[in-house]
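Asks: Take a look at the following structure, please.
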Amino acid sequence: MASKHTVEQVLPGADPLLKTRTKGVGPVGQLPVSKEQLREAPSGDLFGLTQNAGMGWRASEIGRDPYLIISTAGGLRHPDGSPIALGYHTGHWEIDRLVKIAAETFSAEGALPFAAACSDPCDGRSQGTTGMFDSLPYRNDAATTMRRLIRSLPRRKGVLGIATCDKGLPATLLALAGSGDLPGVIVPGGVTLPAEGGEDAGKVQTIGARFAQGAISYDYAVDMGCKACGSPGGGCQFLGTAATSQVVSEAMGLSLPHSALCPSGEPVWKDLAKRSAIALLRLSEAGITVSDILTQKAIDNAMIVHAAFGGSTNLLLHISAIAHTAGLRTPVVEDWTRVNRSTPRLVDALPNGPRNHPTVQVFMAGGVPEVMLHLREMGLLHLDALTSTGQSLGENLAWWEKSDARSQALERLRELDKVDPEEVIFGPAYAREKGYTSALVFPTGNIAPDGSVIKATSIDPTMVDQENCFHHEGKARVFASESAAIKAIKSKGKDAINKGDVIVLIGCGPTGTGMEETYQLTSALKHLSWGKHVPVLTDARFSGVSTGACIGHIGPEALAGGPIGKLRDGDRIEIHIDRNELTGSINFLGTDEGDPLSASDAADVLQKRETHSSVSPHPQLPDDTRLWAALQDVSGGTWNGCVYDVDKIIETLEAGKKAIAESREPQEDS
């Protein structure tokens with residue numbers, strides 16, 4: 001096909017050269033350095049000042065203390081906010097405004113602001129595509145890049161991280177966790193407002209599946225697909241991974257009180273950037289560093305608040321990774337189980353329900369500090385943990401309880417949305433009365449000997465019995481790719497998924513697809529009339545907004561020889577989840593519905609089987625992701641946060657080099 005553009009438009013023309021200069025006028029002024037500094041300072045320090053002047057900063061101020069703002073800003077906007085070049089998602093689209101406000105604050109306070117960015121992908125945009133293969137590996141790479149950028153400003157006095165979404169904010173948290181010798185503060189980039197008359201950004205991702213099944217019309221689908229976002233910036237309106245990461249950042253003390261879930265673009269959001277910059281200056285003046293805030297107590301507090309919110313299962317990976325990077329003890333399954341047994345769910349938000357309040361309403365109901373007031377009364381929090389205010393958590397909560405900010409937020413929610421704040425965030429007595437149980441259960445069994453995880457609060461209430469247990473037995477429908485599974489969900493033919501089936505998605509762990517997120521499946525099932533009767537088992541991950549009986553992180557993964565990879569179509573699967581005791585099991589029972597095997601006998605059958613013939617690394621799996629999968633596997637894998645444990649990696653490489661060398665040595669004749 002011929003191009004509409006000509007080669008003359010591509011090759012350089014002469015006219016621009018007529019206005020091109022070969023010399024310029026240098027900056028006015030002198031470097032603010034002494035003779036002693038000229039003699040002894042590294043050349044980099046001096047050249048850095050030259051660069052400061054060259055970029056146009058006032059010469060008299062280029063020697064101020066530098067503070068770095070590192071963000072995930074993406075896209076390019078006109079001053080009025082309209083797009084010049086789109087970002088990947090709303091989460092990083094507006095945060096350049098926060099960078100600007102923070103920089104202006106540093107400058108006004110006598111500091112020298114620097115800004116750098118490492119933008120981030122959109123998990124929603126890459127759902128169901130090979131782009132998802134880069135999602136989780138991106139987190140590690142971005143954290144490494146951010147830390148390198150931080151270290152590349154040698155005289156920085158502190159770091160302000162600004163980020164919002166699923167991988168960008170965890171990467172920023174990892175970057176600061178690995179910069180423990182510096183003062184650091186995180187500014188959560190906020191949430192998108194709901195659109196009047198529109199679906200939320202989670203539900204709208206199911207318009208394709210619902211249309212294919214005849215559940216919605218074409219006109220409805222294209223109308224709703226256009227109007228899910230009530231503001232151009234912020235993370236999605238549900239308590240998914242993006243929102244939960246914001247909650248966790250505040251719970252750890254790295255973000256200011258009542259900063260998580262702030263509505264993007266609103267006055268309170270802009271004010272947060274200014275206050276966070278001043279908080280960083282205060283920490284620097286007091287000599288308080290990230291390692292003083294990010295302690296084992298901070299990790300414990302984050303796990304407790306995560307449980308109280310009923311947060312995304314992806315934070316199992318991210319909190320563990322943050323702990324490892326900070327040199328702290330990494331939580332294990334027993335820790336998560338203990339926390340969830342002691343901590344009731346105190347928040348009603350999308351997707352946990354039952355009223356499904358959007359995240360901005362959770363913010364206006366008091367957000368993290370309001371939840372923490374209840375947790376404080378239960379004696380669950382470490383109140384002596386230091387925070388980014390320079391005060392302890394206990395001092396922050398004492399302020400919040402009597403603050404004008406609290407009373408104004410609660411009243412504003414009543415006034416604007418006619419919502420009672422106590423129906424959004426509530427105490428343990430109300431939670432017990434309404435049957436709100438803790439979120440996470442870690443089922444084991446002959447399909448998951450190394451464990452798995454389910455967000456039990458997201459199981460449809462009508463599928464839970466009077467004892468608060470979910471029980472399902474059905475035949476397996478095994479798929480070795482997400483595309484094959486979604487095709488069967490959309491199908492109305494012989495290959496269609498039927499009510500009562502168990503979807504088993506295999507070969508999608510770290511080695512197969514980079515441990516892709518499979519929201520395309522779970523969201524479709526949620527919004528199809530029969531979907532609540534179809535559980536999902538997989539060695540992949542789920543989105544934080546996933547709902548239903550969805551069990552992921554199953555280990556070992558299929559490509560590591562895990563039993564899940566040995567299941568076949570028609571195998572009988574039994575699932576049991578006790579939401580009171582927070583226990584669960586997933587077992588293969590054989591192939592005969594009328595004569596089920598015991599779990600142990602069925603395990604013997606699985607052990608003798610070969611891994612499913614269709615299981616293999618995806619042919620389009622990037623080499624970058626293959627390397628990430630190998631490195632994180634050596635480092636402890638999924639249940640250690642998919643981190644890079646440098647010592648273990650080096651030890652493994654050295655052992656491998658030695659083994660290879662020994663194998664090449666000539667063997668003596670016997």
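Just remember, in the structure tokens the first chain shown is A, the second B, etc., residues are 1-based per chain, and ligands are 1-based in the order shown.
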Go through range 489-553 of chain A residue by residue and, counting only C-alpha atoms, keep those with an atom at most 12 Å from range 438-446 of chain A; for each kept residue give the shortest atom pair and its distance in Å to one decimal, ordered by chain and increasing number, as CSV.

Replies:
```
residue,atom,partner,partner_atom,distance
A:Leu537,CA,A:Pro443,CA,11.1
A:Gly544,CA,A:Ala439,CA,11.7
A:Thr547,CA,A:Ala439,CA,11.6
A:Ala549,CA,A:Val441,CA,11.2
A:Cys550,CA,A:Val441,CA,11.1
A:Ile551,CA,A:Pro443,CA,8.2
A:Gly552,CA,A:Phe442,CA,9.6
A:His553,CA,A:Phe442,CA,9.7
```

Asks: Near Gly230 in chain A, counting only C-alpha atoms, which residues have an atom at most 6 Å away, once you skip same-chain residues fewer than 3 positions from it, shown as a list of chain:residue names?

Replies: A:Leu193, A:Pro194, A:Ala195

Asks: With C-alpha atoms kept, could you save the residues just selected as an mmCIF file, in the first residue's frame?

Replies:
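Contents of part.cif, as written:
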```cif
data_model
loop_
_atom_site.group_PDB
_atom_site.id
_atom_site.type_symbol
_atom_site.label_atom_id
_atom_site.label_comp_id
_atom_site.auth_asym_id
_atom_site.auth_seq_id
_atom_site.Cartn_x
_atom_site.Cartn_y
_atom_site.Cartn_z
ATOM 1 C CA LEU A 193 -13.780 10.041 39.932
ATOM 2 C CA PRO A 194 -16.781 7.894 38.970
ATOM 3 C CA ALA A 195 -18.574 9.085 35.840
#
```

Asks: Between A:Leu17, A:Val360, A:Leu373, A:Ile216, single out the one closest to Gly394 in chain A, counting only C-alpha atoms.

Replies: A:Leu373

Asks: Any idea what's packed within 10 Å of Leu112 in chain A, counting only C-alpha atoms, ignoring anything in its chain fewer than 3 positions away? Could you give it as a count of residues only?

Replies: 19

Asks: If you count only C-alpha atoms, which residues fall within 8 Å of range 389-391 of chain A, apart from same-chain ones fewer than 6 positions away, as a PyMOL selection string?

Replies: chain A and resi 256+279+282-283+286+288

Asks: What are the DSSP strand (DSSP E) residues of range 31-74 of chain A, as a PyMOL selection string?

Replies: chain A and resi 66-71

Asks: Residues of range 414-559 of chain A classed as helix (DSSP H, G or I) by DSSP on the backbone are to be reported as JSON, numbers by chain.

Replies: {"A": [414, 415, 416, 417, 421, 422, 423, 428, 429, 430, 431, 432, 433, 434, 456, 457, 458, 461, 462, 463, 482, 483, 484, 485, 486, 487, 488, 489, 490, 510, 511, 512, 513, 519, 520, 521, 522, 523, 524, 525, 526, 531, 532, 533, 558, 559]}

Asks: With a distance cut-off of 9 Å and only C-alpha atoms, select the neighbouring residues of Gly366 in chain A, excluding the residue or stretch itself and same-chain residues fewer than 5 positions from it, and output the selection as a ChimeraX atom specification.

Replies: /A:258,361,371,405-407,409-410,421,425

Asks: Residues at most 9 Å from Val478 in chain A, counting only C-alpha atoms, excluding those fewer than 6 positions away in the same chain, as a ChimeraX atom specification?

Replies: /A:485,502-506,567-570

Asks: Tell me, as a list in words, which residues lie within 7 Å of Gly158 in chain A, counting only C-alpha atoms; anything in the same chain fewer than 3 positions away does not count.

Replies: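 The neighbour list is Tyr67, Leu68, Leu182, Pro183, Gly184, Leu280 and Ser284 of chain A.
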
Asks: Just write the chosen residues, N, CA and C atoms, as a tab-separated table (two decimals), in the first residue's frame.

Replies:
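What ended up in result23.tsv:
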```tsv
chain	number	residue	atom	x	y	z
A	67	TYR	N	16.79	18.30	46.07
A	67	TYR	CA	15.79	17.29	46.42
A	67	TYR	C	15.23	16.72	45.12
A	68	LEU	N	15.16	15.41	45.06
A	68	LEU	CA	14.72	14.74	43.84
A	68	LEU	C	13.25	14.35	43.93
A	182	LEU	N	18.29	7.66	52.98
A	182	LEU	CA	17.80	9.00	52.63
A	182	LEU	C	16.44	9.26	53.26
A	183	PRO	N	16.10	10.52	53.53
A	183	PRO	CA	14.71	10.86	53.83
A	183	PRO	C	13.87	10.62	52.59
A	184	GLY	N	12.66	10.12	52.77
A	184	GLY	CA	11.81	9.84	51.62
A	184	GLY	C	10.34	9.90	51.98
A	280	LEU	N	8.94	16.22	53.54
A	280	LEU	CA	10.28	15.71	53.21
A	280	LEU	C	11.35	16.65	53.75
A	284	SER	N	14.27	15.67	56.51
A	284	SER	CA	15.69	15.94	56.27
A	284	SER	C	16.29	16.76	57.40
```

Asks: Nearest to Arg355 in chain A among A:Asp501, A:Asp420, A:Asp141, A:Asp134, with distances taken over only C-alpha atoms: which residue is it?

Replies: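 Residue with the minimum atom-to-atom distance to Arg355 in chain A: A:Asp420.
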
Asks: Quick one: distance from CA of Ala277 in chain A to CA of Pro32 in chain A in Å, one decimal?

Replies: 25.0 Å

Asks: Between A:Thr359, A:Thr325, A:Thr172, A:Ser458, which residue has the minimum interatomic distance to Leu239 in chain A, considering only C-alpha atoms?

Replies: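 With only C-alpha atoms as the atom set, the closest residue is A:Thr359.
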
Asks: When you draw a straight line from CA of Gly131 in chain A to CA of Leu621 in chain A, how long is it in Å?

Replies: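 So the answer is 9.6 Å.
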
Asks: Pick out the closest residue to Met364 in chain A from this set: A:Ala85, A:Ala630, A:Val419, A:Leu254. Count only C-alpha atoms.

Replies: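 Residue with the minimum atom-to-atom distance to Met364 in chain A: A:Val419.
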
Asks: I need the residue nearest Lys475 in chain A from this list: A:Ala431, A:Ile573, A:Ala603, A:Met463. Use only C-alpha atoms for the distance.

Replies: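 Closest candidate: A:Ile573.
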
Asks: From the set A:Val536, A:Ala524, A:Val464, A:Ala171, which residue has the shortest atom-to-atom contact distance to Ile319 in chain A, counting only C-alpha atoms?

Replies: A:Ala171
